[in-house]
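Worksheet: the structure to be examined is printed underneath.
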Amino acid sequence: MSVLDLARPDLRTLVGYSSARMEASGGSILLNANESPWAQCGQLSLNRYPDPQPERLRAQLAELYEVNSDQLLIGRGSDELIDLLVRAFCRAGRDAILVQPPTFGMYAVCAAVQGAQVRRVPLSAEKGFACDVDKVLAEVDASAKDTPVKLVFVCAPNNPTGNTSASSEILSLAQALSGKALLVVDEAYIEFADSESLATQVSNHENLVLLRTLSKAHALAAARIGCAIAAPEIIALLRRIMPPYPLPSPCVSAAEIALSSVALRQTVQRIALICSERIRLRARLQSIDSVREVLPSQANFLAVRFADPDARYHQLLMRGIVVRDLSRYEGLHDALRISIGTPEENDAVVQALMQPVEVAA
Ligand SMILES: *Cc1c(COP(=O)(O)O)cnc(C)c1O
């Protein structure tokens, strides 16, 4: 059996749109794509359609993530890759994805848009919100007859709790799901974690898909560059259902610069600063009266439980500090998520929270 047997049967044989850029490359007089022959005055040269998967950026990302470039698909943020995976593998009304709340909300949103069901196996606070492999497998098996689970999402480190699941657990889950479902491991925050990325394991597990992004550690959220790392057959399938020119040239240029050796050195230093600030901020928050718990974090944010979360949210807001309210997340109704900022910004958070809550007039 091939891993593509898990994909929607109607897509396995779909021939994707054949764009002018894909059909013919090279040449010096380009009259095959109905473009303007002139660039806009005063603008970058944007009159030509971009390369769908620019070679140089692919090579840079493949080197960064230590994978082959045929195991890599670049999209508009990892958000687009989540959407493509759901659309490629889930038949509307018939298949399901499995998520482990509290977790990143886009998995369920993409499933809803596709008409796929969402199975939920909640993470338990008592177990530090780590993935429970046996519970996930039991749910996948229980759903197999009615609504088969095609994609299992593990967010590691997990947003919004900040913990991560052990690599050995994740790999044993991939192994156990082989032939049943893809395991999609979202590593948006892996650069801030003590553990290594599982990217190189994609060669050993054909049903393992990793998501990486330049939006967090690489400081490029506005450029919308993310990657899926998976078996070449899966990459080829996703590419066929992706729009023909997904990557705007200015975004590709920004990513190439962010992956230059000078920029990468700075990124490494900034990751180290965020990690040391994470320790410092956590300790200071733990000494504040209304703070009940600061969850341990392997990411660039802290989930903080308060005795009075609403009041604290507004107290921060009054000083212009915007944090994320987690009250709608299972198991985190009393928590706020605070991203690690500059040392000065983190000081401002602590200073604000040390004040007594202003009583509304
Ligand atoms: C921020 C985030 C993303 C989104 O990344 P983009 O590449 O910007 O789309 C994906 N997954 C998780 C868990 C995130 O927190």
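Lettering and numbering for the structure tokens are positional, with chains as A, B, ... in the shown order, residues counted from 1 in each chain, and ligands counted from 1 in the shown order.
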Against ligand 1, which residues of chain A fall within 9 Å? For each one I want the closest pair of atoms and the distance in Å (one decimal), counting only C-alpha atoms and all ligand atoms, rows by chain and increasing residue number, as a tab-separated table.
residue	atom	partner	partner_atom_place_in_ligand_line	distance
A:Gly75	CA	ligand 1	7 (O)	8.3
A:Arg76	CA	ligand 1	9 (O)	6.7
A:Gly77	CA	ligand 1	7 (O)	3.2
A:Ser78	CA	ligand 1	7 (O)	3.7
A:Asp79	CA	ligand 1	9 (O)	3.8
A:Glu80	CA	ligand 1	9 (O)	6.6
A:Leu81	CA	ligand 1	9 (O)	8.2
A:Ile82	CA	ligand 1	10 (C)	8.3
A:Thr103	CA	ligand 1	13 (C)	7.4
A:Phe104	CA	ligand 1	13 (C)	5.1
A:Gly105	CA	ligand 1	13 (C)	8.3
A:Met106	CA	ligand 1	11 (N)	7.7
A:Tyr107	CA	ligand 1	11 (N)	8.8
A:Cys155	CA	ligand 1	13 (C)	5.8
A:Ala156	CA	ligand 1	13 (C)	7.8
A:Pro157	CA	ligand 1	13 (C)	7.8
A:Asn158	CA	ligand 1	13 (C)	6.4
A:Asn159	CA	ligand 1	13 (C)	5.1
A:Pro160	CA	ligand 1	15 (O)	7.5
A:Asp186	CA	ligand 1	11 (N)	5.8
A:Glu187	CA	ligand 1	13 (C)	7.0
A:Ala188	CA	ligand 1	12 (C)	5.1
A:Tyr189	CA	ligand 1	15 (O)	7.2
A:Leu211	CA	ligand 1	10 (C)	7.6
A:Arg212	CA	ligand 1	7 (O)	7.0
A:Thr213	CA	ligand 1	7 (O)	4.4
A:Leu214	CA	ligand 1	7 (O)	6.3
A:Ser215	CA	ligand 1	8 (O)	4.7
A:Lys216	CA	ligand 1	1 (C)	6.8
A:Leu220	CA	ligand 1	8 (O)	8.2
A:Ala221	CA	ligand 1	8 (O)	5.4
A:Ala222	CA	ligand 1	8 (O)	7.9
A:Ala223	CA	ligand 1	8 (O)	8.5
A:Arg224	CA	ligand 1	8 (O)	5.7
A:Ile225	CA	ligand 1	7 (O)	5.9
A:Gly226	CA	ligand 1	7 (O)	4.5
A:Cys227	CA	ligand 1	7 (O)	7.7
Mind listing the alpha helix (DSSP H) residues of segment 185-304 of chain A, per DSSP on the backbone, as JSON, numbers by chain?
-> {"A": [232, 233, 234, 235, 236, 237, 238, 239, 240, 241, 249, 250, 251, 252, 253, 254, 255, 256, 257, 258, 261, 262, 263, 264, 265, 266, 267, 268, 269, 270, 271, 272, 273, 274, 275, 276, 277, 278, 279, 280, 281, 282, 283, 284, 285, 286]}
Skipping near chain neighbours, those fewer than 2 positions away, what residues fall within 12 Å of segment 347-350 of chain A using only C-alpha atoms, listed as a ChimeraX atom specification?
-> /A:277-278,280-291,312-313,315-323,337-345,352-355
Closest atom pairs, segment 320-351 of chain A residues within 6 Å of segment 303-308 of chain A, only C-alpha atoms, as JSON lines:
{"residue": "A:Asp334", "atom": "CA", "partner": "A:Arg305", "partner_atom": "CA", "distance": 5.3}
{"residue": "A:Ala335", "atom": "CA", "partner": "A:Arg305", "partner_atom": "CA", "distance": 4.2}
{"residue": "A:Leu336", "atom": "CA", "partner": "A:Val304", "partner_atom": "CA", "distance": 5.3}
{"residue": "A:Arg337", "atom": "CA", "partner": "A:Ala303", "partner_atom": "CA", "distance": 4.4}
Show which residues sit within 12 Å of Asp83 of chain A, as a VMD selection string. Count only C-alpha atoms, and ignore same-chain residues fewer than 5 positions away.
-> chain A and resid 75 to 78 88 to 90 97 106 to 116 151 211 228 238 241 to 242
Distance query Asn163 of chain A at most 8 Å, only C-alpha atoms, self and fewer than 2 positions along chain excluded, as an NGL selection string = :A and (128-130 or 156-158 or 161 or 165 or 295-299)
Requested write-out: N, CA, C and O atoms of the selected residues, as a JSON list (two decimals), in the first residue's frame:
[["chain", "number", "residue", "atom", "x", "y", "z"],
["A", 128, "GLY", "N", 0.47, 17.31, 32.08],
["A", 128, "GLY", "CA", 1.30, 18.35, 31.46],
["A", 128, "GLY", "C", 0.95, 18.61, 30.00],
["A", 128, "GLY", "O", 1.77, 19.09, 29.24],
["A", 129, "PHE", "N", -0.27, 18.28, 29.59],
["A", 129, "PHE", "CA", -0.76, 18.50, 28.23],
["A", 129, "PHE", "C", 0.05, 17.74, 27.18],
["A", 129, "PHE", "O", 0.12, 18.15, 26.02],
["A", 130, "ALA", "N", 0.66, 16.62, 27.57],
["A", 130, "ALA", "CA", 1.42, 15.83, 26.59],
["A", 130, "ALA", "C", 0.48, 14.92, 25.81],
["A", 130, "ALA", "O", -0.56, 14.49, 26.33],
["A", 156, "ALA", "N", 3.74, 20.51, 18.34],
["A", 156, "ALA", "CA", 4.86, 20.26, 19.24],
["A", 156, "ALA", "C", 6.03, 21.21, 18.95],
["A", 156, "ALA", "O", 6.67, 21.04, 17.92],
["A", 157, "PRO", "N", 6.29, 22.16, 19.84],
["A", 157, "PRO", "CA", 5.56, 22.53, 21.05],
["A", 157, "PRO", "C", 4.14, 22.99, 20.75],
["A", 157, "PRO", "O", 3.88, 23.49, 19.66],
["A", 158, "ASN", "N", 3.27, 22.79, 21.74],
["A", 158, "ASN", "CA", 1.85, 23.06, 21.51],
["A", 158, "ASN", "C", 1.50, 24.53, 21.79],
["A", 158, "ASN", "O", 1.89, 25.07, 22.81],
["A", 161, "THR", "N", -0.42, 25.92, 25.02],
["A", 161, "THR", "CA", 0.07, 25.52, 26.35],
["A", 161, "THR", "C", 1.58, 25.72, 26.49],
["A", 161, "THR", "O", 2.06, 25.98, 27.59],
["A", 165, "SER", "N", 5.64, 17.35, 23.25],
["A", 165, "SER", "CA", 5.51, 15.92, 23.50],
["A", 165, "SER", "C", 6.83, 15.26, 23.12],
["A", 165, "SER", "O", 7.51, 15.73, 22.20],
["A", 295, "LEU", "N", 2.64, 27.97, 33.14],
["A", 295, "LEU", "CA", 2.94, 26.65, 32.59],
["A", 295, "LEU", "C", 4.36, 26.65, 32.02],
["A", 295, "LEU", "O", 4.79, 27.63, 31.41],
["A", 296, "PRO", "N", 5.09, 25.53, 32.20],
["A", 296, "PRO", "CA", 6.43, 25.46, 31.61],
["A", 296, "PRO", "C", 6.31, 25.56, 30.09],
["A", 296, "PRO", "O", 5.35, 25.04, 29.51],
["A", 297, "SER", "N", 7.24, 26.25, 29.45],
["A", 297, "SER", "CA", 7.10, 26.49, 28.02],
["A", 297, "SER", "C", 8.37, 26.16, 27.25],
["A", 297, "SER", "O", 9.47, 26.48, 27.68],
["A", 298, "GLN", "N", 8.17, 25.54, 26.08],
["A", 298, "GLN", "CA", 9.25, 25.28, 25.13],
["A", 298, "GLN", "C", 9.07, 26.17, 23.90],
["A", 298, "GLN", "O", 9.63, 25.90, 22.85],
["A", 299, "ALA", "N", 8.25, 27.22, 24.04],
["A", 299, "ALA", "CA", 7.94, 28.07, 22.89],
["A", 299, "ALA", "C", 8.27, 29.52, 23.24],
["A", 299, "ALA", "O", 8.89, 29.79, 24.27]]
Counting only C-alpha atoms, what is within 12 Å of Arg12 of chain A, bar same-chain residues fewer than 3 positions away, as number ranges by chain?
-> A: 2-9, 15-16, 88-89, 233-234, 236-238, 240-241
Option closest in space to Ala254 of chain A, from A:Ala219, A:Val99, A:Val185, A:Ala176 [counting only C-alpha atoms] | A:Ala219
Can you work out which one of A:Arg91, A:Arg48, A:Arg324, A:His333 has the shortest atom-to-atom distance to Asn34 of chain A, counting only C-alpha atoms?
->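 Ranked by minimum distance to Asn34 of chain A, first place goes to A:Arg48.
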Grab the atom CA of Phe153 of chain A to atom CA of Leu98 of chain A distance for me, in Å with one decimal place.
->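 Separation of atom CA of Phe153 of chain A and atom CA of Leu98 of chain A: 6.2 Å.
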For the atom pair atom CA of Arg328 of chain A and atom CA of Val121 of chain A, what is the interatomic distance in Å to one decimal place?
-> 16.6 Å
List every residue of segment 226-291 of chain A that DSSP, applied to the backbone, labels as strand (DSSP E or B), and write the result as a list in words.
-> Gly226, Cys227, Ala228, Ile229 and Val291 of chain A
Residues of the last selection are to be written out with N, CA, C and O atoms, as a compact mmCIF listing (two decimals), in the first residue's frame.
# COMPACT_ATOMS: atom_id res chain seq x y z
N GLY A 226 5.78 29.33 4.79
CA GLY A 226 5.81 28.13 5.62
C GLY A 226 6.06 26.92 4.74
O GLY A 226 5.98 27.01 3.51
N CYS A 227 6.37 25.79 5.35
CA CYS A 227 6.72 24.59 4.58
C CYS A 227 6.02 23.37 5.12
O CYS A 227 5.86 23.23 6.33
N ALA A 228 5.70 22.47 4.20
CA ALA A 228 5.39 21.10 4.59
C ALA A 228 6.58 20.25 4.21
O ALA A 228 7.18 20.45 3.15
N ILE A 229 6.95 19.32 5.10
CA ILE A 229 8.03 18.38 4.82
C ILE A 229 7.40 17.00 4.89
O ILE A 229 6.79 16.63 5.90
N VAL A 291 -1.07 35.45 40.23
CA VAL A 291 -0.65 34.39 39.30
C VAL A 291 -0.74 33.05 40.00
O VAL A 291 -0.09 32.81 41.02
A:Leu326, A:Phe192, A:Thr200, A:Leu44: which is nearest Val268 of chain A, counting only C-alpha atoms?
->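 Looking at the shortest contact to Val268 of chain A, the residue is A:Phe192.
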Distance in Å - atom CA of Asn207 of chain A versus atom CA of Arg58 of chain A | 21.7 Å
